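Here is work-v9.cif, consisting of mmCIF, C-alpha atoms:
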```cif
data_final
loop_
_atom_site.label_atom_id
_atom_site.label_comp_id
_atom_site.auth_asym_id
_atom_site.auth_seq_id
_atom_site.Cartn_x
_atom_site.Cartn_y
_atom_site.Cartn_z
CA GLU A 27 70.37 128.73 42.88
CA LEU A 28 69.23 131.14 45.62
CA ASN A 29 66.17 129.03 46.29
CA GLU A 30 68.32 125.90 46.61
CA GLN A 31 70.63 127.64 49.12
CA LEU A 32 67.63 128.73 51.19
CA LEU A 33 66.25 125.18 51.18
CA VAL A 34 69.61 123.78 52.38
CA GLN A 35 69.88 126.39 55.14
CA CYS A 36 66.32 125.67 56.30
CA ARG A 37 67.02 121.95 56.32
CA GLU A 38 70.20 122.47 58.41
CA ASP A 39 68.33 124.72 60.86
CA ARG A 40 65.66 122.05 61.35
CA GLN A 41 68.33 119.44 62.01
CA ARG A 42 69.96 121.63 64.67
CA ARG A 43 66.68 122.30 66.47
CA LEU A 44 64.93 119.96 68.88
CA ARG A 45 61.35 119.02 68.24
CA GLY A 46 59.04 121.47 69.98
CA GLN A 47 61.89 123.87 70.88
CA SER A 48 62.59 127.29 69.53
CA ALA A 49 66.39 127.21 69.79
CA THR A 50 69.14 125.06 68.38
CA LYS A 51 70.77 122.20 70.30
CA GLU A 52 73.88 124.28 70.81
CA VAL A 53 71.98 127.08 72.51
CA LEU A 54 69.93 124.68 74.62
CA LEU A 55 73.09 122.85 75.75
CA LEU A 56 74.63 126.10 76.96
CA GLU A 57 71.46 126.89 78.89
CA ASP A 58 71.51 123.43 80.51
CA ILE A 59 75.17 123.73 81.48
CA ALA A 60 74.46 127.05 83.18
CA ALA A 61 71.70 125.39 85.22
CA PHE A 62 73.80 122.35 86.27
CA ARG A 63 74.59 121.89 89.95
CA ALA A 64 78.20 121.56 91.07
CA LEU A 65 79.63 118.05 91.30
CA PRO A 66 80.07 116.60 94.83
CA ALA A 67 83.37 117.48 96.49
CA GLY A 68 84.13 113.88 97.46
CA ASP A 69 84.56 110.77 95.34
CA PHE A 70 81.52 108.64 94.64
CA ASP A 71 81.43 105.64 96.97
CA ALA A 72 80.68 102.82 94.52
CA THR A 73 79.58 100.33 97.17
CA ARG A 74 76.40 98.78 98.51
CA LYS A 75 75.69 98.85 102.26
CA VAL A 76 73.51 96.36 104.08
CA SER A 77 72.57 96.27 107.76
CA THR A 78 72.48 92.78 109.24
CA THR A 79 73.33 90.77 112.37
CA ALA A 80 76.29 88.43 112.81
CA SER A 81 75.24 84.85 113.39
CA SER A 82 76.22 82.55 116.25
CA LEU A 83 78.99 81.22 113.97
CA SER A 84 80.42 84.76 113.60
CA LEU A 85 79.28 85.00 109.98
CA VAL A 86 77.43 87.73 108.11
CA ARG A 87 75.51 87.19 104.88
CA PHE A 88 76.05 89.51 101.92
CA ASP A 89 74.92 88.88 98.36
CA CYS A 90 74.36 85.11 98.78
CA ASN A 91 77.74 84.49 100.52
CA ASP A 92 78.96 84.43 104.13
CA TYR A 93 81.91 86.35 105.58
CA SER A 94 83.48 85.88 109.01
CA VAL A 95 83.83 88.46 111.77
CA PRO A 96 85.67 88.17 115.12
CA VAL A 97 83.78 85.97 117.59
CA ALA A 98 83.34 88.98 119.88
CA TYR A 99 80.80 90.39 117.40
CA ALA A 100 78.58 87.30 117.13
CA HIS A 101 74.89 88.23 117.59
CA HIS A 102 75.75 91.93 117.17
CA PRO A 103 74.24 94.27 114.56
CA VAL A 104 76.76 95.25 111.89
CA VAL A 105 76.89 97.05 108.54
CA VAL A 106 78.33 95.21 105.54
CA LYS A 107 79.88 97.37 102.81
CA GLY A 108 80.43 95.56 99.52
CA GLY A 109 82.51 96.89 96.65
CA VAL A 110 83.73 95.38 93.42
CA ASP A 111 86.73 93.62 94.98
CA THR A 112 86.25 93.78 98.75
CA VAL A 113 83.69 93.30 101.49
CA GLU A 114 84.09 95.21 104.76
CA VAL A 115 82.15 94.79 107.99
CA PHE A 116 81.66 97.69 110.40
CA PHE A 117 80.48 97.79 114.00
CA LYS A 118 79.65 101.30 115.26
CA GLN A 119 81.82 102.99 112.60
CA THR A 120 84.77 100.67 113.35
CA ARG A 121 85.89 98.22 110.68
CA VAL A 122 86.07 94.77 112.25
CA ALA A 123 86.51 92.54 109.17
CA HIS A 124 87.87 92.78 105.64
CA HIS A 125 87.53 90.13 102.92
CA ARG A 126 88.06 89.70 99.21
CA ARG A 127 84.61 89.66 97.65
CA LEU A 128 83.20 86.33 96.50
CA TRP A 129 81.33 86.33 93.19
CA THR A 130 80.02 82.80 93.58
CA ARG A 131 76.94 81.67 95.53
CA GLU A 132 76.59 79.98 98.92
CA ASP A 133 80.34 80.16 99.66
CA VAL A 134 82.09 81.17 102.88
CA SER A 135 85.13 83.42 103.36
CA PHE A 136 86.89 82.67 106.67
CA ASP A 137 89.60 84.73 108.33
CA PRO A 138 91.29 82.32 110.80
CA ARG A 139 92.28 85.20 113.06
CA HIS A 140 88.61 85.83 113.84
CA TYR A 141 88.32 82.50 115.71
CA LEU A 142 91.59 82.40 117.68
CA ALA A 143 90.06 83.95 120.81
CA LEU A 144 87.54 81.10 120.96
CA LEU A 145 90.18 78.44 120.25
CA GLU A 146 92.34 79.79 123.06
CA ARG A 147 89.55 78.69 125.41
CA LYS A 148 89.09 75.40 123.55
CA PRO A 149 92.59 74.47 122.31
CA GLY A 150 91.57 70.89 121.57
CA ALA A 151 89.61 72.12 118.53
CA LEU A 152 92.70 73.62 116.87
CA ASP A 153 93.22 70.73 114.44
CA HIS A 154 89.54 70.38 113.56
CA ALA A 155 88.31 73.97 113.30
CA ARG A 156 86.92 74.56 109.81
CA PRO A 157 88.11 78.22 109.58
CA LEU A 158 91.73 77.06 110.02
CA GLN A 159 91.71 74.13 107.60
CA ASP A 160 93.26 75.98 104.65
CA TRP A 161 95.49 78.30 106.70
CA ASP A 162 98.97 78.05 105.18
CA LEU A 163 101.50 79.35 107.70
CA PRO A 164 105.31 79.37 107.37
CA LYS A 165 107.09 76.23 108.55
CA CYS A 166 108.54 77.93 111.61
CA PHE A 167 105.07 78.01 113.18
CA GLY A 168 104.81 74.22 113.01
CA VAL A 169 108.23 73.90 114.60
CA LEU A 170 107.20 76.30 117.37
CA ARG A 171 104.05 74.32 118.09
CA ARG A 172 105.88 71.01 118.36
CA ARG A 173 108.47 72.46 120.73
CA LEU A 174 105.85 74.15 122.91
CA GLU A 175 103.77 71.00 123.17
CA ALA A 176 106.88 68.96 124.01
CA GLU A 177 108.09 71.38 126.70
CA LEU A 178 104.81 72.56 128.23
CA ASP A 179 102.72 69.38 127.89
CA GLY A 180 99.01 70.25 128.05
CA MET A 181 99.61 74.02 128.03
CA GLY A 182 101.71 73.99 124.87
CA THR A 183 98.80 74.17 122.44
CA ARG A 184 97.19 77.03 124.34
CA GLU A 185 100.50 78.92 124.38
CA TYR A 186 100.87 78.35 120.63
CA ILE A 187 97.40 79.80 120.01
CA GLY A 188 98.45 82.79 122.09
CA VAL A 189 101.35 83.30 119.67
CA LEU A 190 98.94 83.10 116.73
CA ARG A 191 96.77 85.75 118.36
CA LEU A 192 99.62 88.21 117.88
CA LEU A 193 98.42 88.25 114.24
CA GLU A 194 95.40 90.21 115.43
CA LYS A 195 97.67 93.25 115.78
CA HIS A 196 100.78 92.42 113.74
CA PRO A 197 101.29 91.37 110.09
CA LEU A 198 102.42 87.84 109.27
CA GLY A 199 105.87 88.93 108.05
CA PRO A 200 107.09 90.55 111.30
CA LEU A 201 105.59 87.74 113.39
CA THR A 202 107.34 85.13 111.25
CA ARG A 203 110.68 86.86 111.89
CA ALA A 204 109.88 87.07 115.61
CA VAL A 205 109.04 83.35 115.77
CA THR A 206 112.26 82.50 113.93
CA LYS A 207 114.25 84.59 116.38
CA GLY A 208 112.46 83.00 119.32
CA LEU A 209 113.28 79.51 118.07
CA ARG A 210 116.92 80.49 117.65
CA CYS A 211 117.37 81.88 121.18
CA GLY A 212 114.91 79.69 123.06
CA GLY A 213 112.22 82.33 123.65
CA LEU A 214 109.18 80.25 122.74
CA THR A 215 106.33 81.68 124.81
CA ARG A 216 103.86 84.26 123.62
CA ASP A 217 105.32 86.99 125.85
CA ALA A 218 108.88 86.27 124.71
CA ILE A 219 107.98 86.41 121.01
CA ALA A 220 105.94 89.57 121.58
CA GLN A 221 109.13 91.29 122.78
CA PHE A 222 110.74 90.66 119.40
CA LEU A 223 107.88 92.58 117.75
CA LEU A 224 108.69 95.78 119.62
CA PRO A 225 110.76 98.40 117.76
CA GLN A 226 114.42 97.89 118.57
CA GLU A 227 116.52 101.06 118.73
CA PRO A 228 120.22 100.53 117.92
CA TRP A 229 122.07 100.91 121.21
CA GLY A 230 125.16 102.26 119.49
CA GLU A 231 123.23 105.28 118.27
CA THR A 232 121.45 106.19 121.50
CA THR A 233 122.50 109.03 123.79
CA PHE A 234 121.35 109.38 127.37
CA ARG A 235 119.94 112.85 127.97
CA LEU A 236 119.28 114.67 131.23
CA ASP A 237 116.37 116.65 129.77
CA GLY A 238 113.53 116.28 132.24
CA ARG A 239 115.82 114.53 134.74
CA GLU A 240 117.37 117.54 136.44
CA HIS A 241 117.65 115.71 139.78
CA LEU A 242 120.21 113.36 138.21
CA ARG A 243 122.65 116.23 137.69
CA ARG A 244 123.44 116.19 141.43
CA VAL A 245 124.31 112.50 141.47
CA GLN A 246 128.02 111.80 141.70
CA VAL A 247 129.22 108.33 140.75
CA SER A 248 132.66 107.48 142.08
CA ARG A 249 135.16 105.66 139.95
CA THR A 250 135.17 101.91 140.56
CA ASP A 251 138.15 100.66 142.58
CA VAL A 252 138.81 97.14 141.34
CA SER A 253 141.45 96.59 144.00
CA ALA A 254 138.66 96.10 146.54
CA TYR A 255 137.70 92.89 144.72
CA ALA A 256 141.28 91.65 144.97
CA GLN A 257 141.27 92.24 148.73
CA LEU A 258 138.00 90.34 148.99
CA LEU A 259 139.43 87.34 147.16
CA ALA A 260 142.53 87.36 149.35
CA THR A 261 140.51 87.31 152.59
CA PRO A 262 140.18 83.81 154.09
CA ALA A 263 136.62 82.44 154.23
CA GLY A 264 136.79 82.27 158.00
CA GLY A 265 137.63 85.95 158.22
CA LEU A 266 134.30 87.02 156.78
CA SER A 267 131.79 88.14 159.34
#
```
For this file, produce the structure as structure tokens.
Amino acid sequence: ELNEQLLVQCREDRQRRLRGQSATKEVLLLEDIAAFRALPAGDFDATRKVSTTASSLSLVRFDCNDYSVPVAYAHHPVVVKGGVDTVEVFFKQTRVAHHRRLWTREDVSFDPRHYLALLERKPGALDHARPLQDWDLPKCFGVLRRRLEAELDGMGTREYIGVLRLLEKHPLGPLTRAVTKGLRCGGLTRDAIAQFLLPQEPWGETTFRLDGREHLRRVQVSRTDVSAYAQLLATPAGGLS
């Protein structure tokens, strides 16, 4: 029985040891853990980066597909950063384009906003520009275009593109509300609609303060005497000098 126990123990020891090593796996693992380097402080960036140049059509190629960039960056060197779900384009550390990644081949992802600056100079191409063919905008934008083209003749289309260019800095939701408000009150131009995108502070909750306006403390405003208007109305027209 003793010999059998010794044989079992020897067999277990051999199983715990690595071939060519003098210690068991447990001991070797502890030695390896002690020698490990610390993990990086930041998260691993699971993306692939490629340096390329934007084409004359404002497109960059990444993994067999093309992605648009603003026309201002055509012919410029850029860095394309591709992840699992997104593709980003950077110019001198600034992100200039963002797309959902395509997993097909030889396809194109257009962002219509990237071509509005060019269309503003060539408004006649608005209805035929390929990047805008599948652009589904709320109905109020179509109404705005028809009214602008009816009221401003040849400049209406250009003014409408100027309104669309507000999407370069503002999300579609706020701009849609601004366009709706402009249609309701007759403010149809780009500048008028841009005013509706500014933060509006409730006037009922504002308080005028003299902080930083110390010179206004010496201003005395007399109480309005409405009787002067009555005297003016009673004066004959010929008596005015």
Identify all residues satisfying the PyMOL selection byres ((chain A and resi 222) around 9) in the given file; provide them as a JSON list (two decimals) with C-alpha atoms, keeping the file's coordinate frame.
```json
[["chain", "number", "residue", "atom", "x", "y", "z"],
["A", 200, "PRO", "CA", 107.09, 90.55, 111.30],
["A", 201, "LEU", "CA", 105.59, 87.74, 113.39],
["A", 203, "ARG", "CA", 110.68, 86.86, 111.89],
["A", 204, "ALA", "CA", 109.88, 87.07, 115.61],
["A", 205, "VAL", "CA", 109.04, 83.35, 115.77],
["A", 207, "LYS", "CA", 114.25, 84.59, 116.38],
["A", 208, "GLY", "CA", 112.46, 83.00, 119.32],
["A", 218, "ALA", "CA", 108.88, 86.27, 124.71],
["A", 219, "ILE", "CA", 107.98, 86.41, 121.01],
["A", 220, "ALA", "CA", 105.94, 89.57, 121.58],
["A", 221, "GLN", "CA", 109.13, 91.29, 122.78],
["A", 223, "LEU", "CA", 107.88, 92.58, 117.75],
["A", 224, "LEU", "CA", 108.69, 95.78, 119.62],
["A", 225, "PRO", "CA", 110.76, 98.40, 117.76],
["A", 226, "GLN", "CA", 114.42, 97.89, 118.57]]
```
Q: Figure out the distance between CA of Thr120 in chain A and CA of His101 in chain A, please, to one decimal in Å.
A: 16.4 Å
Per residue of range 137-166 of chain A within 12 Å of range 173-180 of chain A, record the nearest atom pair and its distance in Å to one decimal, counting all atoms listed in the file, with rows in chain order and ascending residue number, as CSV.
```
residue,atom,partner,partner_atom,distance
A:Pro149,CA,A:Gly180,CA,9.6
A:Gly150,CA,A:Gly180,CA,9.9
A:Cys166,CA,A:Arg173,CA,10.6
```
Give me a file of those residues, with C-alpha atoms, as a PDB file, in the coordinates of the input.
```
ATOM      1  CA  PRO A 149      92.590  74.470 122.310  1.00  0.00           C
ATOM      2  CA  GLY A 150      91.570  70.890 121.570  1.00  0.00           C
ATOM      3  CA  CYS A 166     108.540  77.930 111.610  1.00  0.00           C
TER       4      CYS A 166
END
```
Q. Expanded to explicit residues, what is the PyMOL selection byres ((chain A and resi 167) around 10) for this file, as a PyMOL selection string?
A. chain A and resi 163-166+168-173+186+189-190+201-202+205-206+209
Who sits within 12 Å of Ser84 in chain A, only C-alpha atoms, same chain under 6 positions skipped, as a PDB file with C-alpha atoms, in the coordinates of the input:
```
ATOM      1  CA  ASP A  92      78.960  84.430 104.130  1.00  0.00           C
ATOM      2  CA  TYR A  93      81.910  86.350 105.580  1.00  0.00           C
ATOM      3  CA  SER A  94      83.480  85.880 109.010  1.00  0.00           C
ATOM      4  CA  VAL A  95      83.830  88.460 111.770  1.00  0.00           C
ATOM      5  CA  PRO A  96      85.670  88.170 115.120  1.00  0.00           C
ATOM      6  CA  VAL A  97      83.780  85.970 117.590  1.00  0.00           C
ATOM      7  CA  ALA A  98      83.340  88.980 119.880  1.00  0.00           C
ATOM      8  CA  TYR A  99      80.800  90.390 117.400  1.00  0.00           C
ATOM      9  CA  ALA A 100      78.580  87.300 117.130  1.00  0.00           C
ATOM     10  CA  HIS A 101      74.890  88.230 117.590  1.00  0.00           C
ATOM     11  CA  HIS A 102      75.750  91.930 117.170  1.00  0.00           C
ATOM     12  CA  PRO A 103      74.240  94.270 114.560  1.00  0.00           C
ATOM     13  CA  VAL A 104      76.760  95.250 111.890  1.00  0.00           C
ATOM     14  CA  VAL A 115      82.150  94.790 107.990  1.00  0.00           C
ATOM     15  CA  VAL A 122      86.070  94.770 112.250  1.00  0.00           C
ATOM     16  CA  ALA A 123      86.510  92.540 109.170  1.00  0.00           C
ATOM     17  CA  VAL A 134      82.090  81.170 102.880  1.00  0.00           C
ATOM     18  CA  SER A 135      85.130  83.420 103.360  1.00  0.00           C
ATOM     19  CA  PHE A 136      86.890  82.670 106.670  1.00  0.00           C
ATOM     20  CA  ASP A 137      89.600  84.730 108.330  1.00  0.00           C
ATOM     21  CA  PRO A 138      91.290  82.320 110.800  1.00  0.00           C
ATOM     22  CA  ARG A 139      92.280  85.200 113.060  1.00  0.00           C
ATOM     23  CA  HIS A 140      88.610  85.830 113.840  1.00  0.00           C
ATOM     24  CA  TYR A 141      88.320  82.500 115.710  1.00  0.00           C
ATOM     25  CA  LEU A 144      87.540  81.100 120.960  1.00  0.00           C
ATOM     26  CA  PRO A 157      88.110  78.220 109.580  1.00  0.00           C
TER      27      PRO A 157
END
```
Q: Give me, please, the distance in Å between CA of Asp58 in chain A and CA of Ala72 in chain A, quoted to one decimal.
A: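 Straight-line distance from CA of Asp58 in chain A to CA of Ala72 in chain A works out to 26.6 Å.
With CA of Arg156 in chain A on one side and CA of Leu83 in chain A on the other, the separation reads 11.2 Å.
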**Q.** Pick from A:Gly109, A:Arg184, A:Glu114, A:Leu56, whichever lies nearest to Phe70 in chain A using all atoms listed in the file
**A.**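 Closest residue, counting all atoms listed in the file: A:Gly109.
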Q: Go through A:Ala60, A:Leu192, A:Met181, A:Ala151 and flag the residue nearest Asp217 in chain A, using all atoms listed in the file for the distances.
A: A:Leu192
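Run against this file, the PyMOL selection byres ((chain A and resi 77) around 7) gives back Lys75, Val76, Thr78, Val104, Val105 and Val106 of chain A.
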Keeping only C-alpha atoms, write the selected residues as a CSV table (one decimal), in the coordinates of the input.
```
chain,number,residue,atom,x,y,z
A,75,LYS,CA,75.7,98.8,102.3
A,76,VAL,CA,73.5,96.4,104.1
A,78,THR,CA,72.5,92.8,109.2
A,104,VAL,CA,76.8,95.2,111.9
A,105,VAL,CA,76.9,97.0,108.5
A,106,VAL,CA,78.3,95.2,105.5
```
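Protein and nucleic acid residues near (79.1, 88.5, 93.2) are Arg74, Phe88, Asp89, Cys90, Asn91, Asp92, Gly108, Gly109, Val110, Asp111, Thr112, Val113, Arg126, Arg127, Leu128, Trp129, Thr130, Arg131, Glu132 and Asp133 of chain A, the criterion being any atom at most 12 Å away using only C-alpha atoms.
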